[in-house]
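Participant: Structure file entry_13.json (JSON, C-alpha atoms (C1' of nucleotides)) right here:
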```json
[["chain", "number", "residue", "atom", "x", "y", "z"],
["A", 355, "MET", "CA", 69.80, 40.55, -91.97],
["A", 356, "GLY", "CA", 66.67, 40.82, -89.87],
["A", 357, "ASP", "CA", 66.14, 39.20, -86.52],
["A", 358, "GLY", "CA", 63.39, 36.70, -87.38],
["A", 359, "VAL", "CA", 63.32, 33.16, -86.04],
["A", 360, "ILE", "CA", 64.80, 30.52, -88.28],
["A", 361, "ILE", "CA", 64.07, 26.88, -87.62],
["A", 362, "GLU", "CA", 66.41, 24.56, -89.39],
["A", 363, "ASN", "CA", 66.74, 20.85, -89.64],
["A", 364, "VAL", "CA", 63.27, 19.95, -88.42],
["A", 365, "LYS", "CA", 62.99, 16.21, -88.89],
["A", 366, "HIS", "CA", 59.83, 15.08, -87.21],
["A", 367, "VAL", "CA", 56.62, 17.03, -87.10],
["A", 368, "LEU", "CA", 53.94, 15.89, -84.74],
["A", 369, "HIS", "CA", 50.68, 15.25, -86.49],
["A", 370, "PHE", "CA", 47.20, 14.99, -85.15],
["A", 371, "GLY", "CA", 44.23, 12.94, -86.20],
["A", 372, "LYS", "CA", 44.70, 9.48, -87.71],
["A", 373, "GLU", "CA", 45.68, 8.31, -84.20],
["A", 374, "ALA", "CA", 48.35, 5.86, -85.38],
["A", 375, "ALA", "CA", 46.46, 2.59, -85.09],
["A", 376, "LYS", "CA", 47.17, 1.93, -81.38],
["A", 377, "LEU", "CA", 46.13, -1.67, -81.61],
["A", 378, "LYS", "CA", 45.88, -3.53, -78.35],
["A", 379, "ASN", "CA", 47.58, -6.77, -77.46],
["A", 380, "ARG", "CA", 47.89, -9.39, -74.74],
["A", 381, "ILE", "CA", 51.65, -9.18, -74.33],
["A", 382, "ARG", "CA", 51.82, -7.85, -70.78],
["A", 383, "GLU", "CA", 49.37, -10.51, -69.70],
["A", 384, "LEU", "CA", 51.30, -13.30, -71.45],
["A", 385, "ARG", "CA", 54.64, -12.01, -70.19],
["A", 386, "ARG", "CA", 53.45, -11.92, -66.58],
["A", 387, "ALA", "CA", 51.92, -15.37, -66.90],
["A", 388, "MET", "CA", 55.43, -16.58, -67.67],
["A", 389, "GLY", "CA", 56.90, -14.59, -64.79],
["A", 390, "LEU", "CA", 59.20, -12.54, -67.01],
["A", 391, "THR", "CA", 60.38, -8.95, -66.64],
["A", 392, "GLN", "CA", 60.19, -6.55, -69.60],
["A", 393, "ASP", "CA", 63.95, -6.75, -69.82],
["A", 394, "GLU", "CA", 63.95, -10.52, -70.01],
["A", 395, "LEU", "CA", 61.25, -10.58, -72.68],
["A", 396, "ALA", "CA", 63.14, -7.91, -74.64],
["A", 397, "GLY", "CA", 66.23, -10.11, -74.57],
["A", 398, "ALA", "CA", 64.29, -13.15, -75.72],
["A", 399, "LEU", "CA", 62.88, -11.17, -78.64],
["A", 400, "SER", "CA", 66.16, -9.40, -79.49],
["A", 401, "VAL", "CA", 64.72, -5.93, -79.01],
["A", 402, "THR", "CA", 65.27, -3.27, -76.37],
["A", 403, "ARG", "CA", 63.25, -2.80, -73.22],
["A", 404, "GLN", "CA", 61.90, 0.44, -74.68],
["A", 405, "THR", "CA", 60.36, -1.51, -77.52],
["A", 406, "VAL", "CA", 58.63, -3.90, -75.15],
["A", 407, "ILE", "CA", 57.33, -0.97, -73.10],
["A", 408, "ALA", "CA", 56.02, 0.85, -76.18],
["A", 409, "ILE", "CA", 54.32, -2.18, -77.63],
["A", 410, "GLU", "CA", 52.79, -3.29, -74.32],
["A", 411, "LYS", "CA", 51.42, 0.22, -73.89],
["A", 412, "GLY", "CA", 50.22, 0.42, -77.48],
["A", 413, "THR", "CA", 52.35, 3.47, -78.25],
["A", 414, "TYR", "CA", 52.99, 1.89, -81.64],
["A", 415, "CYS", "CA", 52.54, -1.52, -83.15],
["A", 416, "ALA", "CA", 55.19, -4.13, -83.68],
["A", 417, "SER", "CA", 56.58, -4.75, -87.14],
["A", 418, "LEU", "CA", 55.45, -7.96, -88.81],
["A", 419, "PRO", "CA", 58.75, -9.79, -88.15],
["A", 420, "LEU", "CA", 58.63, -8.81, -84.48],
["A", 421, "ALA", "CA", 54.95, -9.76, -84.19],
["A", 422, "HIS", "CA", 55.93, -13.15, -85.56],
["A", 423, "ARG", "CA", 58.76, -13.61, -83.04],
["A", 424, "ILE", "CA", 56.35, -12.66, -80.26],
["A", 425, "ALA", "CA", 53.78, -15.16, -81.48],
["A", 426, "VAL", "CA", 56.37, -17.94, -81.72],
["A", 427, "PHE", "CA", 57.74, -17.08, -78.28],
["A", 428, "PHE", "CA", 54.33, -17.35, -76.62],
["A", 429, "GLY", "CA", 53.21, -20.27, -78.78],
["A", 430, "GLU", "CA", 50.14, -18.51, -80.12],
["A", 431, "SER", "CA", 49.07, -16.99, -83.44],
["A", 432, "ILE", "CA", 49.67, -13.33, -84.27],
["A", 433, "GLU", "CA", 45.92, -12.75, -84.56],
["A", 434, "SER", "CA", 45.28, -14.19, -81.08],
["A", 435, "ILE", "CA", 47.83, -11.86, -79.49],
["A", 436, "PHE", "CA", 47.15, -8.59, -81.31],
["A", 437, "ILE", "CA", 43.65, -7.17, -81.23],
["A", 438, "PHE", "CA", 42.66, -5.36, -84.42],
["A", 439, "ASP", "CA", 39.58, -3.16, -84.11],
["A", 440, "GLU", "CA", 37.05, -3.26, -86.94],
["A", 441, "GLU", "CA", 38.15, 0.03, -88.51],
["A", 442, "ASP", "CA", 41.69, -1.31, -88.25],
["A", 443, "GLN", "CA", 43.76, 1.52, -89.72],
["B", 1190, "MET", "CA", 87.06, 29.25, -99.88],
["B", 1191, "GLY", "CA", 88.58, 26.07, -101.28],
["B", 1192, "ASP", "CA", 87.02, 23.92, -103.95],
["B", 1193, "GLY", "CA", 86.35, 20.74, -101.96],
["B", 1194, "VAL", "CA", 83.14, 18.77, -102.26],
["B", 1195, "ILE", "CA", 80.53, 19.47, -99.63],
["B", 1196, "ILE", "CA", 77.64, 17.08, -99.19],
["B", 1197, "GLU", "CA", 74.80, 18.53, -97.20],
["B", 1198, "ASN", "CA", 71.48, 17.30, -96.05],
["B", 1199, "VAL", "CA", 72.11, 13.59, -96.52],
["B", 1200, "LYS", "CA", 69.06, 11.87, -95.06],
["B", 1201, "HIS", "CA", 69.22, 8.24, -96.00],
["B", 1202, "VAL", "CA", 72.38, 6.23, -96.18],
["B", 1203, "LEU", "CA", 72.23, 2.88, -97.91],
["B", 1204, "HIS", "CA", 73.42, 0.10, -95.70],
["B", 1205, "PHE", "CA", 74.63, -3.33, -96.57],
["B", 1206, "GLY", "CA", 74.41, -6.63, -94.78],
["B", 1207, "LYS", "CA", 71.45, -7.47, -92.55],
["B", 1208, "GLU", "CA", 69.42, -7.93, -95.75],
["B", 1209, "ALA", "CA", 66.22, -6.40, -94.38],
["B", 1210, "ALA", "CA", 64.19, -9.54, -93.66],
["B", 1211, "LYS", "CA", 62.75, -9.99, -97.18],
["B", 1212, "LEU", "CA", 60.09, -12.40, -96.05],
["B", 1213, "LYS", "CA", 58.13, -14.08, -98.79],
["B", 1214, "ASN", "CA", 54.40, -14.17, -99.18],
["B", 1215, "ARG", "CA", 51.60, -15.59, -101.31],
["B", 1216, "ILE", "CA", 50.00, -12.28, -102.22],
["B", 1217, "ARG", "CA", 50.63, -12.31, -105.97],
["B", 1218, "GLU", "CA", 49.27, -15.85, -106.14],
["B", 1219, "LEU", "CA", 46.17, -14.98, -104.10],
["B", 1220, "ARG", "CA", 45.59, -11.74, -106.00],
["B", 1221, "ARG", "CA", 45.74, -13.50, -109.37],
["B", 1222, "ALA", "CA", 43.46, -16.27, -108.14],
["B", 1223, "MET", "CA", 40.89, -13.53, -107.57],
["B", 1224, "GLY", "CA", 41.56, -11.99, -110.98],
["B", 1225, "LEU", "CA", 42.60, -8.63, -109.54],
["B", 1226, "THR", "CA", 45.15, -6.13, -110.82],
["B", 1227, "GLN", "CA", 47.74, -4.64, -108.46],
["B", 1228, "ASP", "CA", 45.86, -1.38, -108.66],
["B", 1229, "GLU", "CA", 42.56, -2.98, -107.67],
["B", 1230, "LEU", "CA", 44.14, -4.79, -104.73],
["B", 1231, "ALA", "CA", 45.87, -1.59, -103.65],
["B", 1232, "GLY", "CA", 42.49, 0.16, -103.65],
["B", 1233, "ALA", "CA", 40.88, -2.61, -101.62],
["B", 1234, "LEU", "CA", 43.67, -2.36, -99.04],
["B", 1235, "SER", "CA", 43.82, 1.45, -99.00],
["B", 1236, "VAL", "CA", 47.46, 1.57, -100.04],
["B", 1237, "THR", "CA", 49.18, 2.64, -103.24],
["B", 1238, "ARG", "CA", 50.10, 0.40, -106.14],
["B", 1239, "GLN", "CA", 53.76, 0.90, -105.23],
["B", 1240, "THR", "CA", 53.15, -0.69, -101.86],
["B", 1241, "VAL", "CA", 51.51, -3.73, -103.43],
["B", 1242, "ILE", "CA", 54.43, -4.05, -105.86],
["B", 1243, "ALA", "CA", 57.05, -3.76, -103.12],
["B", 1244, "ILE", "CA", 55.35, -6.25, -100.84],
["B", 1245, "GLU", "CA", 54.64, -8.77, -103.62],
["B", 1246, "LYS", "CA", 58.29, -8.56, -104.62],
["B", 1247, "GLY", "CA", 59.51, -8.77, -101.03],
["B", 1248, "THR", "CA", 61.31, -5.42, -101.20],
["B", 1249, "TYR", "CA", 60.09, -4.82, -97.68],
["B", 1250, "CYS", "CA", 57.49, -6.35, -95.43],
["B", 1251, "ALA", "CA", 54.06, -5.02, -94.69],
["B", 1252, "SER", "CA", 53.30, -3.36, -91.40],
["B", 1253, "LEU", "CA", 51.24, -5.39, -88.95],
["B", 1254, "PRO", "CA", 48.02, -3.42, -89.63],
["B", 1255, "LEU", "CA", 48.46, -3.88, -93.37],
["B", 1256, "ALA", "CA", 49.28, -7.57, -92.98],
["B", 1257, "HIS", "CA", 46.03, -7.87, -91.06],
["B", 1258, "ARG", "CA", 43.99, -6.13, -93.77],
["B", 1259, "ILE", "CA", 45.57, -8.42, -96.35],
["B", 1260, "ALA", "CA", 44.72, -11.50, -94.31],
["B", 1261, "VAL", "CA", 41.13, -10.37, -93.82],
["B", 1262, "PHE", "CA", 40.78, -9.51, -97.50],
["B", 1263, "PHE", "CA", 41.90, -12.96, -98.61],
["B", 1264, "GLY", "CA", 40.13, -14.75, -95.77],
["B", 1265, "GLU", "CA", 43.26, -16.42, -94.44],
["B", 1266, "SER", "CA", 45.53, -15.99, -91.42],
["B", 1267, "ILE", "CA", 48.59, -13.73, -91.47],
["B", 1268, "GLU", "CA", 50.86, -16.71, -90.85],
["B", 1269, "SER", "CA", 49.44, -18.61, -93.82],
["B", 1270, "ILE", "CA", 50.08, -15.71, -96.18],
["B", 1271, "PHE", "CA", 53.50, -14.52, -95.01],
["B", 1272, "ILE", "CA", 56.35, -17.01, -94.92],
["B", 1273, "PHE", "CA", 58.80, -16.43, -92.08],
["B", 1274, "ASP", "CA", 62.10, -18.26, -92.41],
["B", 1275, "GLU", "CA", 63.50, -19.90, -89.27],
["B", 1276, "GLU", "CA", 66.13, -17.23, -88.60],
["B", 1277, "ASP", "CA", 63.33, -14.71, -89.08],
["B", 1278, "GLN", "CA", 65.00, -11.30, -88.40],
["C", 548, "DC", "C1'", 62.47, 1.30, -43.78],
["C", 549, "DC", "C1'", 65.45, 1.39, -47.45],
["C", 550, "DA", "C1'", 67.93, -0.45, -51.18],
["C", 551, "DA", "C1'", 67.50, -2.90, -55.35],
["C", 552, "DA", "C1'", 64.85, -4.24, -59.11],
["C", 553, "DA", "C1'", 61.28, -3.23, -62.22],
["C", 554, "DT", "C1'", 58.74, -0.06, -64.72],
["C", 555, "DG", "C1'", 57.95, 4.51, -66.86],
["C", 556, "DT", "C1'", 59.30, 8.81, -69.43],
["C", 557, "DC", "C1'", 61.78, 11.90, -72.52],
["C", 558, "DA", "C1'", 64.56, 13.12, -76.39],
["C", 559, "DA", "C1'", 67.30, 12.44, -80.31],
["C", 560, "DG", "C1'", 69.01, 9.28, -83.73],
["C", 561, "DT", "C1'", 68.63, 5.40, -87.11],
["C", 562, "DA", "C1'", 65.90, 1.96, -89.77],
["C", 563, "DT", "C1'", 62.09, 0.65, -92.32],
["C", 564, "DA", "C1'", 57.41, 1.22, -94.45],
["C", 565, "DT", "C1'", 54.47, 3.97, -97.38],
["C", 566, "DT", "C1'", 53.36, 7.78, -100.54],
["C", 567, "DT", "C1'", 53.89, 10.58, -104.58],
["C", 568, "DT", "C1'", 55.36, 11.51, -109.12],
["C", 569, "DA", "C1'", 57.05, 10.36, -113.31],
["C", 570, "DC", "C1'", 58.49, 7.42, -116.75],
["C", 571, "DA", "C1'", 59.83, 2.68, -118.92],
["C", 572, "DT", "C1'", 58.64, -2.01, -120.16],
["C", 573, "DT", "C1'", 55.55, -5.85, -120.79],
["C", 574, "DT", "C1'", 51.07, -7.89, -121.64],
["C", 575, "DT", "C1'", 46.48, -7.81, -123.31],
["C", 576, "DT", "C1'", 43.06, -6.95, -126.56],
["C", 577, "DA", "C1'", 40.51, -4.64, -130.20],
["D", 1297, "DT", "C1'", 49.93, -4.45, -135.03],
["D", 1298, "DA", "C1'", 48.94, -0.45, -132.58],
["D", 1299, "DA", "C1'", 46.63, 1.34, -128.52],
["D", 1300, "DA", "C1'", 45.46, 0.47, -123.90],
["D", 1301, "DA", "C1'", 46.10, -1.69, -119.68],
["D", 1302, "DA", "C1'", 49.10, -3.77, -116.47],
["D", 1303, "DT", "C1'", 53.41, -4.12, -114.40],
["D", 1304, "DG", "C1'", 58.09, -2.44, -113.24],
["D", 1305, "DT", "C1'", 61.66, 1.09, -111.65],
["D", 1306, "DA", "C1'", 63.58, 4.98, -109.42],
["D", 1307, "DA", "C1'", 64.01, 9.00, -106.36],
["D", 1308, "DA", "C1'", 62.59, 12.00, -102.85],
["D", 1309, "DA", "C1'", 59.47, 12.99, -99.06],
["D", 1310, "DT", "C1'", 56.82, 11.55, -95.05],
["D", 1311, "DA", "C1'", 55.26, 8.19, -91.40],
["D", 1312, "DT", "C1'", 56.14, 4.80, -88.24],
["D", 1313, "DA", "C1'", 59.11, 1.35, -85.73],
["D", 1314, "DC", "C1'", 63.15, 0.67, -83.08],
["D", 1315, "DT", "C1'", 67.50, 2.02, -80.56],
["D", 1316, "DT", "C1'", 70.34, 4.47, -77.25],
["D", 1317, "DG", "C1'", 71.11, 6.77, -73.15],
["D", 1318, "DA", "C1'", 69.83, 9.11, -69.18],
["D", 1319, "DC", "C1'", 66.89, 9.84, -65.44],
["D", 1320, "DA", "C1'", 62.30, 9.50, -62.55],
["D", 1321, "DT", "C1'", 58.84, 6.72, -60.22],
["D", 1322, "DT", "C1'", 56.96, 2.46, -58.47],
["D", 1323, "DT", "C1'", 57.26, -2.09, -56.66],
["D", 1324, "DT", "C1'", 59.50, -5.73, -54.19],
["D", 1325, "DG", "C1'", 62.07, -7.95, -50.70],
["D", 1326, "DG", "C1'", 65.45, -8.23, -46.92]]
```
Render the structure in this file as structure tokens.
Facilitator:
Amino acid sequence: MGDGVIIENVKHVLHFGKEAAKLKNRIRELRRAMGLTQDELAGALSVTRQTVIAIEKGTYCASLPLAHRIAVFFGESIESIFIFDEEDQ
Amino acid sequence: MGDGVIIENVKHVLHFGKEAAKLKNRIRELRRAMGLTQDELAGALSVTRQTVIAIEKGTYCASLPLAHRIAVFFGESIESIFIFDEEDQ
DNA sequence: CCAAAATGTCAAGTATATTTTACATTTTTA
DNA sequence: TAAAAATGTAAAATATACTTGACATTTTGG
């Protein structure tokens, strides 16, 4: 056999363009207004701290069920918390 | 080598319990009220017909960006179209 | 100042949403 | 009633959301 490079088991391939939505939201603002830490909010929403960090930063968007829990928790509508740009995605 | 069964490359394992949210929605009703086919709605939302079928049937729930497009398309709020049970998920 | 708490980052794994393809069944209509 | 359109089903691949664990940096308070 030759000595070429073999890459096996690649699961995730980074992809460019399409920018993954990155919709903004008011979660950090709302969380701080209630004097909560990321960890406390995560607990209240039954997700991990990493999830709160990622969503606050806009790394990815919450699922619909999670967006709903967030809205209920802060007593506002989903649409008033998440900011969808015109183009949307 | 023996003659045992070897299973390689298993990617998705079905899992039971936890019932995957299955939140209901009024999409089929709203779509029909507008006299649209699943294919036409899919086109308007920039998704495939399979996605419309799965979401109408509650096989899985829409992502937040898609839920938003659906709400805008039908001129209603996300919360008025998707029905979250108390327990949520 | 310095220790603790809070926040951020990275990587790999699992779960869920969406696409693609192909075919089967039901409903509509000419 | 037969063809066409609409709807359903299933499987495999890809994309995105979420978890877990471990460690680095920043902020806060005694």
Participant: From the options C:DA552, C:DC557, C:DA562, C:DA569, which residue's atoms come nearest to DA1320 in chain D, counting all atoms listed in the file?
Facilitator: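 Looking only at the distances to DA1320 in chain D, the closest residue turns out to be C:DC557.
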Participant: Write out as a PDB file with C-alpha atoms (C1' of nucleotides), in the frame of the given file the residues lying within 10 Å of Gln1239 in chain B, counting only C-alpha atoms (C1' of nucleotides) and excluding same-chain residues fewer than 5 positions away.
Facilitator:
```pdb
ATOM      1  CA  GLN B1227      47.740  -4.640-108.460  1.00  0.00           C
ATOM      2  CA  ASP B1228      45.860  -1.380-108.660  1.00  0.00           C
ATOM      3  CA  ALA B1231      45.870  -1.590-103.650  1.00  0.00           C
ATOM      4  CA  ILE B1244      55.350  -6.250-100.840  1.00  0.00           C
ATOM      5  CA  GLU B1245      54.640  -8.770-103.620  1.00  0.00           C
TER       6      GLU B1245
ATOM      7  C1'  DT C 565      54.470   3.970 -97.380  1.00  0.00           C
ATOM      8  C1'  DT C 566      53.360   7.780-100.540  1.00  0.00           C
ATOM      9  C1'  DT C 567      53.890  10.580-104.580  1.00  0.00           C
TER      10       DT C 567
ATOM     11  C1'  DG D1304      58.090  -2.440-113.240  1.00  0.00           C
TER      12       DG D1304
END
```
Participant: Listed atoms of range 1313-1320 of chain D, axis-aligned box, 8 Å per side: centre and edge lengths to one decimal in Å, as lines of an AutoDock Vina configuration file?
Facilitator:
```
center_x = 65.1
center_y = 5.3
center_z = -74.1
size_x = 28.0
size_y = 25.2
size_z = 39.2
```
Participant: Would you please work out which residue, of B:Ser1269, B:Asn1214, B:Thr1240, B:Thr1226, is nearest to chain D when using all atoms listed in the file?
Facilitator: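 Of all the options, B:Thr1226 lies closest to chain D.
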Participant: Leaving out DC1319 in chain D and any residue of its chain fewer than 2 positions from it, which residues lie within 12 Å of it when counting all atoms listed in the file, given as an NGL selection string?
Facilitator: (:C and (555-558)) or (:D and (1317 or 1321))
Participant: Given only C-alpha atoms, how would the per-residue table for chain B near chain A read, listing every residue at most 8 Å away with its closest atom pair and distance in Å to one decimal, sorted by chain and number, as JSON lines?
Facilitator:
```
{"residue": "B:Ala1210", "atom": "CA", "partner": "A:Pro419", "partner_atom": "CA", "distance": 7.7}
{"residue": "B:Cys1250", "atom": "CA", "partner": "A:Leu418", "partner_atom": "CA", "distance": 7.1}
{"residue": "B:Ala1251", "atom": "CA", "partner": "A:Leu418", "partner_atom": "CA", "distance": 6.7}
{"residue": "B:Ser1252", "atom": "CA", "partner": "A:Ser417", "partner_atom": "CA", "distance": 5.6}
{"residue": "B:Leu1253", "atom": "CA", "partner": "A:Leu418", "partner_atom": "CA", "distance": 4.9}
{"residue": "B:Pro1254", "atom": "CA", "partner": "A:Gln443", "partner_atom": "CA", "distance": 6.5}
{"residue": "B:Ala1256", "atom": "CA", "partner": "A:Leu418", "partner_atom": "CA", "distance": 7.5}
{"residue": "B:His1257", "atom": "CA", "partner": "A:Phe438", "partner_atom": "CA", "distance": 7.9}
{"residue": "B:Arg1258", "atom": "CA", "partner": "A:Asp442", "partner_atom": "CA", "distance": 7.7}
{"residue": "B:Ser1266", "atom": "CA", "partner": "A:Glu433", "partner_atom": "CA", "distance": 7.6}
{"residue": "B:Ile1267", "atom": "CA", "partner": "A:Ile432", "partner_atom": "CA", "distance": 7.3}
{"residue": "B:Glu1268", "atom": "CA", "partner": "A:Ile432", "partner_atom": "CA", "distance": 7.5}
{"residue": "B:Phe1273", "atom": "CA", "partner": "A:Pro419", "partner_atom": "CA", "distance": 7.7}
{"residue": "B:Asp1277", "atom": "CA", "partner": "A:Pro419", "partner_atom": "CA", "distance": 6.8}
{"residue": "B:Gln1278", "atom": "CA", "partner": "A:Pro419", "partner_atom": "CA", "distance": 6.4}
```
Participant: List every protein, DNA or RNA residue that has at least one atom no more than 9 Å from (67.5, 7.6, -78.6) in the file's coordinates, counting only C-alpha atoms (C1' of nucleotides), and write the result as a list of chain:residue names.
Facilitator: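 Those residues lying close to the given coordinates are C:DA558, C:DA559, C:DG560, C:DT561, D:DT1315, D:DT1316, D:DG1317.
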Participant: Could you tell me how far CA of Ile1270 in chain B sits from CA of Glu430 in chain A, in Å to one decimal place?
Facilitator: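 According to the coordinates, CA of Glu430 in chain A and CA of Ile1270 in chain B are separated by 16.3 Å.
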Participant: Could you tell me, as a list in words, which residues have any atom at most 7 Å from (58.0, 1.9, -91.1), counting all atoms listed in the file?
Facilitator: DT563 and DA564 of chain C; DA1311, DT1312 and DA1313 of chain D
Participant: Write the selection just made, keeping C-alpha atoms (C1' of nucleotides), as a PDB file, in the frame of the given file?
Facilitator:
```pdb
ATOM      1  C1'  DT C 563      62.090   0.650 -92.320  1.00  0.00           C
ATOM      2  C1'  DA C 564      57.410   1.220 -94.450  1.00  0.00           C
TER       3       DA C 564
ATOM      4  C1'  DA D1311      55.260   8.190 -91.400  1.00  0.00           C
ATOM      5  C1'  DT D1312      56.140   4.800 -88.240  1.00  0.00           C
ATOM      6  C1'  DA D1313      59.110   1.350 -85.730  1.00  0.00           C
TER       7       DA D1313
END
```
Participant: Determine the nearest neighbour of chain C from the options A:Lys411, A:Arg380, A:Met388, A:Phe428, counting only C-alpha atoms (C1' of nucleotides).
Facilitator: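 The answer is A:Lys411, which sits nearest to chain C.
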Participant: Calculate how many Å separate C1' of DC570 in chain C from C1' of DA1302 in chain D, rounding to one decimal.
Facilitator: 14.6 Å
